[in-house]
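What follows is one structure encoded as structure tokens, with my remarks underneath.
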Amino acid sequence: MSEAKAFDYIISLIYDRTRIRLHEGKQHLIRSRLGKRMRAHGIESFEDYCHFLQNMADEDELVHVVDALTTNFTNFLREKDHFDFMVDRALPAVLPDGRSSFRVWSAACATGEEPYSIAFYLAEKFPVNQGWNWEILATDISTKALAKARAGIYRLERAQTMPKDWLKRYCQRGTGEYEGHFRIKPDLSGRIEFKHANLLGDLAFPSPFELIFCRNVMIYFDRPTQEQLVSRLARFLVPGGYLLIGHSESLNGLNVPFKCERPSIYRKL
Ligand SMILES: C[S@@+](CC[C@H](N)C(=O)[O-])C[C@H]1O[C@@H](n2cnc3c(N)ncnc32)[C@H](O)[C@@H]1O
């Protein structure tokens, strides 16, 4: 297989599996991220690795390829105004008087910082011991990122964007082999359900969400895929529910049932 054919193969494999478009210019990134997989199989050339993938019936290796080629960058309280908006504006607007239960979906949760940030804010403003009953669903296509999210253990430097007292209230410092780390306390992490899901695959939920965070993932999709994704997200929201997308993303020009309340904040019509 030629080098060009090998890249085309990987690009279309990732597109079929995730709808992420890895452009031509990403060749260096593809090569370096798959290096570990090649070493794991003792394969020396990228072309041979692609040949190996093509002739292999084993799904597990494809899971590793998706894990290696998805970009999981995230942070606690990333694009912080969204969390303030959620508790101060969106939830009060979308919850009918007297309603005390609601659901929030972190639709591309990566390594978990986003759903845990949602949980910190909800614990502050909608305390369960005052009668609030909320659930968070957190999904991602990367099994590796999801495993980290589920574990809820992070290096202490990752907490820099978090208020100090939240670290005390909602997290525990590690000791021994976990020195230099913290973990989210189980009573808070227990309110989050982590699930593997492809946003463009089969999705079904028992009830709709009041709010969906789908941030910094659409940016990797082409416009038709973005439109398809946002239309299906609308189906999973209650009427008047909110969709929060990344600060560098926009629904401009997409034929979708949302009105823009602020840049990156949309309300279902
Ligand atoms: C850059 S991270 C964004 C994390 C978080 N939402 C944030 O804004 O900080 C993008 C995530 O989207 C996930 N992703 C990419 N394609 C996906 C798909 N088709 N279905 C579900 N998740 C996907 C990746 O695995 C990655 O974890």
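Ordered as shown in the structure tokens, chains take letters A, B, and onward, while each chain numbers its residues from 1 and ligands are numbered from 1 in the order shown.
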
Which of range 93-164 of chain A fall in alpha helix (DSSP H), as an MDAnalysis selection string: chainID A and resid 93:94 113:125 143:151 164

Tell me which protein, DNA and RNA residues are within 12 Å of Tyr121 in chain A, counting only C-alpha atoms, leaving out same-chain ones fewer than 5 positions away, and put them as an MDAnalysis selection string. chainID A and resid 76:77 80:88 91 104 114:116 126:127 134 136 162:163 166 170 188

Between CA of Arg31 in chain A and CA of Leu200 in chain A, what is the distance, to one decimal in Å?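 Going from CA of Arg31 in chain A over to CA of Leu200 in chain A covers 25.7 Å.
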
Once DSSP has gone over the backbone, tell me which residues of range 102-182 of chain A are in strand (DSSP E or B), as a PyMOL selection string. chain A and resi 102-106+133-140+153-155+171-173+181-182

Write the residues of the selection above to a file with N, CA and C atoms, as a PDB file, in the first residue's frame.
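Produced file selection.pdb, reproduced below:
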```pdb
ATOM      1  N   PHE A 102     -34.614  17.364  37.118  1.00  0.00           N
ATOM      2  CA  PHE A 102     -34.208  17.685  35.744  1.00  0.00           C
ATOM      3  C   PHE A 102     -32.971  16.883  35.371  1.00  0.00           C
ATOM      4  N   ARG A 103     -32.696  16.883  34.051  1.00  0.00           N
ATOM      5  CA  ARG A 103     -31.575  16.104  33.517  1.00  0.00           C
ATOM      6  C   ARG A 103     -30.700  16.947  32.592  1.00  0.00           C
ATOM      7  N   VAL A 104     -29.404  16.768  32.729  1.00  0.00           N
ATOM      8  CA  VAL A 104     -28.443  17.484  31.887  1.00  0.00           C
ATOM      9  C   VAL A 104     -27.563  16.445  31.195  1.00  0.00           C
ATOM     10  N   TRP A 105     -27.265  16.682  29.905  1.00  0.00           N
ATOM     11  CA  TRP A 105     -26.441  15.744  29.139  1.00  0.00           C
ATOM     12  C   TRP A 105     -25.156  16.440  28.704  1.00  0.00           C
ATOM     13  N   SER A 106     -24.032  15.833  29.048  1.00  0.00           N
ATOM     14  CA  SER A 106     -22.733  16.278  28.543  1.00  0.00           C
ATOM     15  C   SER A 106     -22.403  15.325  27.390  1.00  0.00           C
ATOM     16  N   ASN A 133     -33.556  17.179  42.594  1.00  0.00           N
ATOM     17  CA  ASN A 133     -33.228  15.835  42.144  1.00  0.00           C
ATOM     18  C   ASN A 133     -32.770  15.931  40.696  1.00  0.00           C
ATOM     19  N   TRP A 134     -31.470  15.897  40.484  1.00  0.00           N
ATOM     20  CA  TRP A 134     -30.962  16.022  39.110  1.00  0.00           C
ATOM     21  C   TRP A 134     -30.026  14.869  38.773  1.00  0.00           C
ATOM     22  N   GLU A 135     -29.948  14.638  37.470  1.00  0.00           N
ATOM     23  CA  GLU A 135     -29.062  13.582  36.975  1.00  0.00           C
ATOM     24  C   GLU A 135     -28.255  14.145  35.824  1.00  0.00           C
ATOM     25  N   ILE A 136     -27.039  13.650  35.689  1.00  0.00           N
ATOM     26  CA  ILE A 136     -26.205  14.053  34.559  1.00  0.00           C
ATOM     27  C   ILE A 136     -25.851  12.792  33.779  1.00  0.00           C
ATOM     28  N   LEU A 137     -26.048  12.853  32.456  1.00  0.00           N
ATOM     29  CA  LEU A 137     -25.571  11.777  31.598  1.00  0.00           C
ATOM     30  C   LEU A 137     -24.326  12.311  30.886  1.00  0.00           C
ATOM     31  N   ALA A 138     -23.265  11.528  30.862  1.00  0.00           N
ATOM     32  CA  ALA A 138     -22.033  11.956  30.202  1.00  0.00           C
ATOM     33  C   ALA A 138     -21.627  10.882  29.205  1.00  0.00           C
ATOM     34  N   THR A 139     -21.494  11.262  27.933  1.00  0.00           N
ATOM     35  CA  THR A 139     -21.173  10.273  26.896  1.00  0.00           C
ATOM     36  C   THR A 139     -19.981  10.728  26.058  1.00  0.00           C
ATOM     37  N   ASP A 140     -19.307   9.756  25.471  1.00  0.00           N
ATOM     38  CA  ASP A 140     -18.217  10.055  24.536  1.00  0.00           C
ATOM     39  C   ASP A 140     -17.969   8.817  23.680  1.00  0.00           C
ATOM     40  N   ILE A 153     -10.296  10.653  38.649  1.00  0.00           N
ATOM     41  CA  ILE A 153      -9.025  10.934  39.349  1.00  0.00           C
ATOM     42  C   ILE A 153      -8.160  11.807  38.432  1.00  0.00           C
ATOM     43  N   TYR A 154      -7.687  12.929  38.977  1.00  0.00           N
ATOM     44  CA  TYR A 154      -6.933  13.888  38.161  1.00  0.00           C
ATOM     45  C   TYR A 154      -5.709  14.363  38.917  1.00  0.00           C
ATOM     46  N   ARG A 155      -4.727  14.855  38.170  1.00  0.00           N
ATOM     47  CA  ARG A 155      -3.563  15.472  38.797  1.00  0.00           C
ATOM     48  C   ARG A 155      -3.991  16.803  39.406  1.00  0.00           C
ATOM     49  N   CYS A 171     -13.999  17.207  46.427  1.00  0.00           N
ATOM     50  CA  CYS A 171     -12.915  16.304  46.002  1.00  0.00           C
ATOM     51  C   CYS A 171     -12.125  15.828  47.217  1.00  0.00           C
ATOM     52  N   GLN A 172     -11.393  14.732  47.024  1.00  0.00           N
ATOM     53  CA  GLN A 172     -10.521  14.201  48.074  1.00  0.00           C
ATOM     54  C   GLN A 172      -9.102  14.139  47.549  1.00  0.00           C
ATOM     55  N   ARG A 173      -8.157  14.581  48.372  1.00  0.00           N
ATOM     56  CA  ARG A 173      -6.744  14.512  47.971  1.00  0.00           C
ATOM     57  C   ARG A 173      -6.239  13.090  48.076  1.00  0.00           C
ATOM     58  N   HIS A 181      -2.605  13.815  43.347  1.00  0.00           N
ATOM     59  CA  HIS A 181      -3.858  13.663  42.600  1.00  0.00           C
ATOM     60  C   HIS A 181      -5.047  13.992  43.499  1.00  0.00           C
ATOM     61  N   PHE A 182      -6.183  14.171  42.904  1.00  0.00           N
ATOM     62  CA  PHE A 182      -7.425  14.255  43.684  1.00  0.00           C
ATOM     63  C   PHE A 182      -8.480  13.424  42.974  1.00  0.00           C
TER      64      PHE A 182
END
```

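Take CA of Arg78 in chain A and CA of Arg183 in chain A: the distance between them is 18.4 Å.
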
Using only C-alpha atoms, which protein or nucleic acid residues come within 6 Å of Arg267 in chain A? Drop anything in the same chain fewer than 6 positions from it, and give the result as number ranges by chain. A: 240-242, 258-259

Skip range 60-73 of chain A itself and residues of its chain fewer than 5 positions away, then list as a PDB file with N, CA and C atoms, in the first residue's frame all residues within 9 Å of it, counting only C-alpha atoms.
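Wrote it out as result.pdb, contents follow:
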```
ATOM      1  N   ILE A  10      -7.043   5.581   6.516  1.00  0.00           N
ATOM      2  CA  ILE A  10      -7.267   5.992   7.910  1.00  0.00           C
ATOM      3  C   ILE A  10      -8.305   7.127   7.959  1.00  0.00           C
ATOM      4  N   LEU A  13     -11.669   5.632   7.406  1.00  0.00           N
ATOM      5  CA  LEU A  13     -12.041   4.789   8.561  1.00  0.00           C
ATOM      6  C   LEU A  13     -12.580   5.667   9.706  1.00  0.00           C
ATOM      7  N   ILE A  14     -11.854   6.736  10.014  1.00  0.00           N
ATOM      8  CA  ILE A  14     -12.269   7.621  11.109  1.00  0.00           C
ATOM      9  C   ILE A  14     -13.568   8.340  10.742  1.00  0.00           C
ATOM     10  N   ARG A  17     -16.455   5.920  11.196  1.00  0.00           N
ATOM     11  CA  ARG A  17     -16.707   5.571  12.606  1.00  0.00           C
ATOM     12  C   ARG A  17     -17.200   6.751  13.425  1.00  0.00           C
ATOM     13  N   THR A  18     -16.664   7.956  13.160  1.00  0.00           N
ATOM     14  CA  THR A  18     -16.942   9.079  14.064  1.00  0.00           C
ATOM     15  C   THR A  18     -17.520  10.307  13.366  1.00  0.00           C
ATOM     16  N   ILE A  20     -15.638  12.366  12.088  1.00  0.00           N
ATOM     17  CA  ILE A  20     -14.587  13.380  12.192  1.00  0.00           C
ATOM     18  C   ILE A  20     -13.819  13.409  10.872  1.00  0.00           C
ATOM     19  N   LEU A  22     -10.539  14.174   9.247  1.00  0.00           N
ATOM     20  CA  LEU A  22      -9.109  14.434   9.446  1.00  0.00           C
ATOM     21  C   LEU A  22      -8.566  14.901   8.103  1.00  0.00           C
ATOM     22  N   LEU A  29       0.184  14.289  12.542  1.00  0.00           N
ATOM     23  CA  LEU A  29      -0.552  13.937  13.771  1.00  0.00           C
ATOM     24  C   LEU A  29      -1.012  12.468  13.731  1.00  0.00           C
ATOM     25  N   ILE A  30      -1.551  12.057  12.598  1.00  0.00           N
ATOM     26  CA  ILE A  30      -2.043  10.675  12.467  1.00  0.00           C
ATOM     27  C   ILE A  30      -0.885   9.693  12.713  1.00  0.00           C
ATOM     28  N   ARG A  33       0.260   9.760  16.420  1.00  0.00           N
ATOM     29  CA  ARG A  33      -0.697   9.178  17.377  1.00  0.00           C
ATOM     30  C   ARG A  33      -0.861   7.670  17.215  1.00  0.00           C
ATOM     31  N   LEU A  34      -0.610   7.187  16.009  1.00  0.00           N
ATOM     32  CA  LEU A  34      -0.748   5.735  15.827  1.00  0.00           C
ATOM     33  C   LEU A  34       0.562   4.990  16.099  1.00  0.00           C
ATOM     34  N   LYS A  36       2.165   4.437  18.798  1.00  0.00           N
ATOM     35  CA  LYS A  36       2.093   3.527  19.947  1.00  0.00           C
ATOM     36  C   LYS A  36       1.421   2.202  19.552  1.00  0.00           C
ATOM     37  N   ARG A  37       0.383   2.307  18.731  1.00  0.00           N
ATOM     38  CA  ARG A  37      -0.315   1.088  18.285  1.00  0.00           C
ATOM     39  C   ARG A  37       0.612   0.234  17.409  1.00  0.00           C
ATOM     40  N   LEU A  53      -4.545  -3.341   9.624  1.00  0.00           N
ATOM     41  CA  LEU A  53      -5.913  -2.975  10.025  1.00  0.00           C
ATOM     42  C   LEU A  53      -6.932  -3.482   9.008  1.00  0.00           C
ATOM     43  N   CYS A 109     -18.135  14.222  26.505  1.00  0.00           N
ATOM     44  CA  CYS A 109     -17.604  14.586  27.826  1.00  0.00           C
ATOM     45  C   CYS A 109     -16.103  14.420  27.944  1.00  0.00           C
ATOM     46  N   ALA A 110     -15.463  13.790  26.954  1.00  0.00           N
ATOM     47  CA  ALA A 110     -14.008  13.551  26.972  1.00  0.00           C
ATOM     48  C   ALA A 110     -13.603  12.907  28.302  1.00  0.00           C
ATOM     49  N   THR A 111     -12.619  13.476  29.002  1.00  0.00           N
ATOM     50  CA  THR A 111     -12.107  12.832  30.217  1.00  0.00           C
ATOM     51  C   THR A 111     -12.878  13.235  31.481  1.00  0.00           C
ATOM     52  N   ILE A 141     -17.355   9.039  22.540  1.00  0.00           N
ATOM     53  CA  ILE A 141     -17.049   7.902  21.650  1.00  0.00           C
ATOM     54  C   ILE A 141     -15.714   7.252  22.020  1.00  0.00           C
ATOM     55  N   SER A 142     -14.861   7.980  22.746  1.00  0.00           N
ATOM     56  CA  SER A 142     -13.540   7.442  23.077  1.00  0.00           C
ATOM     57  C   SER A 142     -13.607   6.632  24.370  1.00  0.00           C
ATOM     58  N   THR A 143     -13.334   5.331  24.260  1.00  0.00           N
ATOM     59  CA  THR A 143     -13.428   4.470  25.444  1.00  0.00           C
ATOM     60  C   THR A 143     -12.329   4.829  26.457  1.00  0.00           C
ATOM     61  N   LYS A 144     -11.188   5.277  25.933  1.00  0.00           N
ATOM     62  CA  LYS A 144     -10.072   5.614  26.813  1.00  0.00           C
ATOM     63  C   LYS A 144     -10.401   6.874  27.628  1.00  0.00           C
ATOM     64  N   ALA A 145     -10.934   7.892  26.931  1.00  0.00           N
ATOM     65  CA  ALA A 145     -11.306   9.134  27.623  1.00  0.00           C
ATOM     66  C   ALA A 145     -12.397   8.834  28.658  1.00  0.00           C
ATOM     67  N   VAL A 217     -16.997  19.714  19.782  1.00  0.00           N
ATOM     68  CA  VAL A 217     -16.946  18.453  19.029  1.00  0.00           C
ATOM     69  C   VAL A 217     -17.452  18.694  17.608  1.00  0.00           C
TER      70      VAL A 217
END
```

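Near Ala204 in chain A, within 12 Å and counting only C-alpha atoms, sit Ala197, Asn198, Arg232, Leu233, Arg235 and Phe236 of chain A, not including residues fewer than 6 positions from it in the same chain.
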
In terms of the shortest atom-to-atom distance over only C-alpha atoms, which of A:Val128, A:Met56, A:Ala108, A:Leu229 is closest to Asp202 in chain A? A:Leu229

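Compared by their closest atoms to ligand 1, and using only C-alpha atoms and all ligand atoms, the residues A:Ser207, A:Ser45, A:Ser231, A:Thr225 rank with A:Thr225 nearest.
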
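Distance annotation: of A:Gly98, A:Gly112, A:Pro224, A:Gly190, the residue with the minimal separation from ligand 1 is A:Gly112; atom set is only C-alpha atoms and all ligand atoms.
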
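The residue that comes closest to ligand 1, out of A:Asp58, A:Glu249, A:Glu157, A:Glu210 and on the basis of only C-alpha atoms and all ligand atoms, is A:Glu249.
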
With a distance cut-off of 8 Å and only C-alpha atoms, select the neighbouring residues of Glu47 in chain A, excluding the residue or stretch itself and same-chain residues fewer than 4 positions from it, and output the selection as a list in words. Met1, Ser2, Glu3, Ala6 and His51 of chain A

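Closest approach to ligand 1 among A:Ser100, A:Asn255, A:Asn129, A:Thr74 is made by A:Thr74 (distances from only C-alpha atoms and all ligand atoms).
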
Selected residue of minimal separation from Leu211 in chain A among A:Ala151, A:Leu243, A:Leu254, A:Cys50, counting only C-alpha atoms: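 The shortest atom-to-atom distance to Leu211 in chain A comes from A:Leu243.
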